[in-house]
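> Just dropping this structure here.
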Amino acid sequence: MRTTEVVVGRIGRAHGVRGEVSVEPRTDEPQRRFADGAVLRTRTPQGTAPTRNRPSSLTVAGTRWHQSRLLVTFAELGDRTAAEAVRGLTLVTDVDTSETPEDPEEFYDHQLVGLSMVVADGAPVGEVTEVVHGAGQDLLVVRAADGREVLVPFVSALVPVVDVAAGRIEVVDRPGLLNPLPDEG
């Protein structure tokens with residue numbers, strides 16, 4: 001069995017004084033990924049300063065929904081100070097590479113890396129080399145045919161078609177998205 005690391009959430013702000021935190025799920029299976037006893041590894045998101053003394057993993061001790069937000073208690077976080085110290089960390093776990101998400105609109109990073117990106121008329125853009133999980137949205141890193149690196153927000157308005165079986169992603173080009181805007185003189 002081959003496994004790969006997938007992002008399942010991002011830790012938000014502390015809730016209360018007993019170490020509970022809000023978590024922005026990056027999975028359509030939060031009940032599975034955040035089950036009591038689940039051990040999730042932590043990662044510092046790309047582009048942010050590393051967190052000092054961050055725990056390498058956290059164990060889910062409990063979850064609950066509050067006003068449409070997922071609140072998680074981790075065994076390692078005993079108070080608000082500890083909870084604030086892990087704010088912004090990404091939570092990851094391993095999945096079998098043959099496993100696919102239950103939701104057909106959800107994809108694991110390893111399914112996207114290596115796919116060809118094309119515009120709606122079929123013109124090639126390049127190849128997806130990485131998925132960056134940002135605070136607001138995910139970005140597809142694309143190596144364009146001319147060697148440039150292009151960042152494409154992974155949102156349905158810009159990426160309406162993801163066809164893993166065909167090995168392609170369709171992007172809707174917008175001014176400045178795939179090619180730099182000409183300098184205004």
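Convention: chains lettered A, B, ... in structure tokens order; per-chain residue numbering from 1; ligands numbered from 1 as shown.
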At a cut-off of 10 Å, using only C-alpha atoms, what residues contact segment 141-156 of chain A? Leave out same-chain residues fewer than 5 positions from it and give the result as a PyMOL selection string.
chain A and resi 105+113-117+124-134+136+161-162+171-173+177-180
> Using the selection just defined, write its residues with N, CA and C atoms as a JSON list (two decimals), in the first residue's frame.

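Result file is result.json:
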[["chain", "number", "residue", "atom", "x", "y", "z"],
["A", 105, "GLU", "N", -16.18, 16.49, -6.17],
["A", 105, "GLU", "CA", -15.61, 17.83, -6.36],
["A", 105, "GLU", "C", -14.39, 18.06, -5.47],
["A", 113, "VAL", "N", -1.24, 17.02, -9.05],
["A", 113, "VAL", "CA", 0.14, 17.24, -9.49],
["A", 113, "VAL", "C", 0.42, 16.35, -10.69],
["A", 114, "GLY", "N", 0.93, 16.98, -11.75],
["A", 114, "GLY", "CA", 1.24, 16.25, -12.98],
["A", 114, "GLY", "C", 0.18, 16.40, -14.06],
["A", 115, "LEU", "N", -0.99, 16.94, -13.71],
["A", 115, "LEU", "CA", -2.04, 17.13, -14.71],
["A", 115, "LEU", "C", -1.68, 18.29, -15.63],
["A", 116, "SER", "N", -2.11, 18.19, -16.87],
["A", 116, "SER", "CA", -1.91, 19.27, -17.83],
["A", 116, "SER", "C", -3.01, 20.30, -17.63],
["A", 117, "MET", "N", -2.62, 21.58, -17.70],
["A", 117, "MET", "CA", -3.60, 22.64, -17.62],
["A", 117, "MET", "C", -3.76, 23.24, -19.01],
["A", 124, "PRO", "N", -2.63, 24.75, -24.61],
["A", 124, "PRO", "CA", -1.91, 24.34, -23.40],
["A", 124, "PRO", "C", -1.39, 25.52, -22.59],
["A", 125, "VAL", "N", -1.43, 25.36, -21.28],
["A", 125, "VAL", "CA", -0.88, 26.35, -20.36],
["A", 125, "VAL", "C", 0.39, 25.82, -19.75],
["A", 126, "GLY", "N", 0.34, 24.58, -19.25],
["A", 126, "GLY", "CA", 1.50, 23.97, -18.61],
["A", 126, "GLY", "C", 1.09, 22.78, -17.78],
["A", 127, "GLU", "N", 1.91, 22.47, -16.79],
["A", 127, "GLU", "CA", 1.68, 21.30, -15.92],
["A", 127, "GLU", "C", 1.63, 21.72, -14.46],
["A", 128, "VAL", "N", 0.67, 21.16, -13.73],
["A", 128, "VAL", "CA", 0.56, 21.44, -12.30],
["A", 128, "VAL", "C", 1.73, 20.75, -11.59],
["A", 129, "THR", "N", 2.49, 21.54, -10.83],
["A", 129, "THR", "CA", 3.66, 20.99, -10.14],
["A", 129, "THR", "C", 3.46, 20.91, -8.63],
["A", 130, "GLU", "N", 2.48, 21.67, -8.12],
["A", 130, "GLU", "CA", 2.29, 21.71, -6.67],
["A", 130, "GLU", "C", 0.93, 22.31, -6.35],
["A", 131, "VAL", "N", 0.41, 21.99, -5.17],
["A", 131, "VAL", "CA", -0.80, 22.63, -4.65],
["A", 131, "VAL", "C", -0.38, 23.33, -3.36],
["A", 132, "VAL", "N", -0.60, 24.64, -3.30],
["A", 132, "VAL", "CA", -0.25, 25.42, -2.11],
["A", 132, "VAL", "C", -1.54, 25.70, -1.35],
["A", 133, "HIS", "N", -1.56, 25.34, -0.08],
["A", 133, "HIS", "CA", -2.74, 25.53, 0.76],
["A", 133, "HIS", "C", -2.58, 26.82, 1.54],
["A", 134, "GLY", "N", -3.21, 27.88, 1.05],
["A", 134, "GLY", "CA", -3.13, 29.18, 1.70],
["A", 134, "GLY", "C", -4.23, 29.37, 2.72],
["A", 136, "GLY", "N", -6.59, 31.69, 2.70],
["A", 136, "GLY", "CA", -7.88, 32.01, 2.10],
["A", 136, "GLY", "C", -8.35, 31.00, 1.07],
["A", 161, "VAL", "N", -13.18, 22.77, -14.73],
["A", 161, "VAL", "CA", -13.10, 21.35, -15.10],
["A", 161, "VAL", "C", -11.82, 20.74, -14.56],
["A", 162, "VAL", "N", -11.97, 19.68, -13.78],
["A", 162, "VAL", "CA", -10.84, 18.86, -13.35],
["A", 162, "VAL", "C", -11.18, 17.44, -13.77],
["A", 171, "VAL", "N", -8.75, 25.81, -17.32],
["A", 171, "VAL", "CA", -8.73, 27.07, -16.61],
["A", 171, "VAL", "C", -9.38, 28.15, -17.48],
["A", 172, "VAL", "N", -10.08, 29.06, -16.83],
["A", 172, "VAL", "CA", -10.67, 30.21, -17.51],
["A", 172, "VAL", "C", -9.66, 31.35, -17.37],
["A", 173, "ASP", "N", -9.10, 31.79, -18.49],
["A", 173, "ASP", "CA", -8.09, 32.85, -18.44],
["A", 173, "ASP", "C", -8.74, 34.19, -18.16],
["A", 177, "LEU", "N", -3.88, 36.72, -15.30],
["A", 177, "LEU", "CA", -3.82, 35.43, -14.61],
["A", 177, "LEU", "C", -2.72, 34.54, -15.16],
["A", 178, "LEU", "N", -2.76, 34.26, -16.44],
["A", 178, "LEU", "CA", -1.78, 33.35, -17.04],
["A", 178, "LEU", "C", -0.61, 34.08, -17.66],
["A", 179, "ASN", "N", -0.82, 35.29, -18.11],
["A", 179, "ASN", "CA", 0.24, 36.09, -18.72],
["A", 179, "ASN", "C", 0.26, 37.46, -18.06],
["A", 180, "PRO", "N", 1.46, 37.99, -17.82],
["A", 180, "PRO", "CA", 1.55, 39.30, -17.17],
["A", 180, "PRO", "C", 0.87, 40.38, -18.02]]
> List the neighbours of Val6 of chain A out to 9 Å using only C-alpha atoms; skip same-chain residues closer than 6 positions along the sequence, and give me the result as a PyMOL selection string.
chain A and resi 91-95+108-110
> For the residues in that selection, give me C-alpha atoms as a CSV table (one decimal), in the first residue's frame.

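Below you can see result06.csv, which holds the result:
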chain,number,residue,atom,x,y,z
A,91,LEU,CA,-3.2,19.6,9.7
A,92,VAL,CA,-2.2,16.6,7.6
A,93,THR,CA,-2.6,12.9,7.5
A,94,ASP,CA,-1.7,10.0,5.2
A,95,VAL,CA,-4.1,8.3,2.8
A,108,TYR,CA,-6.1,15.0,-3.1
A,109,ASP,CA,-3.0,17.0,-4.0
A,110,HIS,CA,-1.3,13.9,-5.6
> Name the closest residue to Val60 of chain A among the candidates A:Glu76, A:Glu106, A:Glu170, A:Glu84; distances are taken between atoms, counting only C-alpha atoms.
A:Glu76
> Can you tell me, as a ChimeraX atom specification, what residues are no more than 10 Å from Thr81 of chain A when counting only C-alpha atoms, ignoring any on the same chain fewer than 6 positions away?
/A:14,17-19
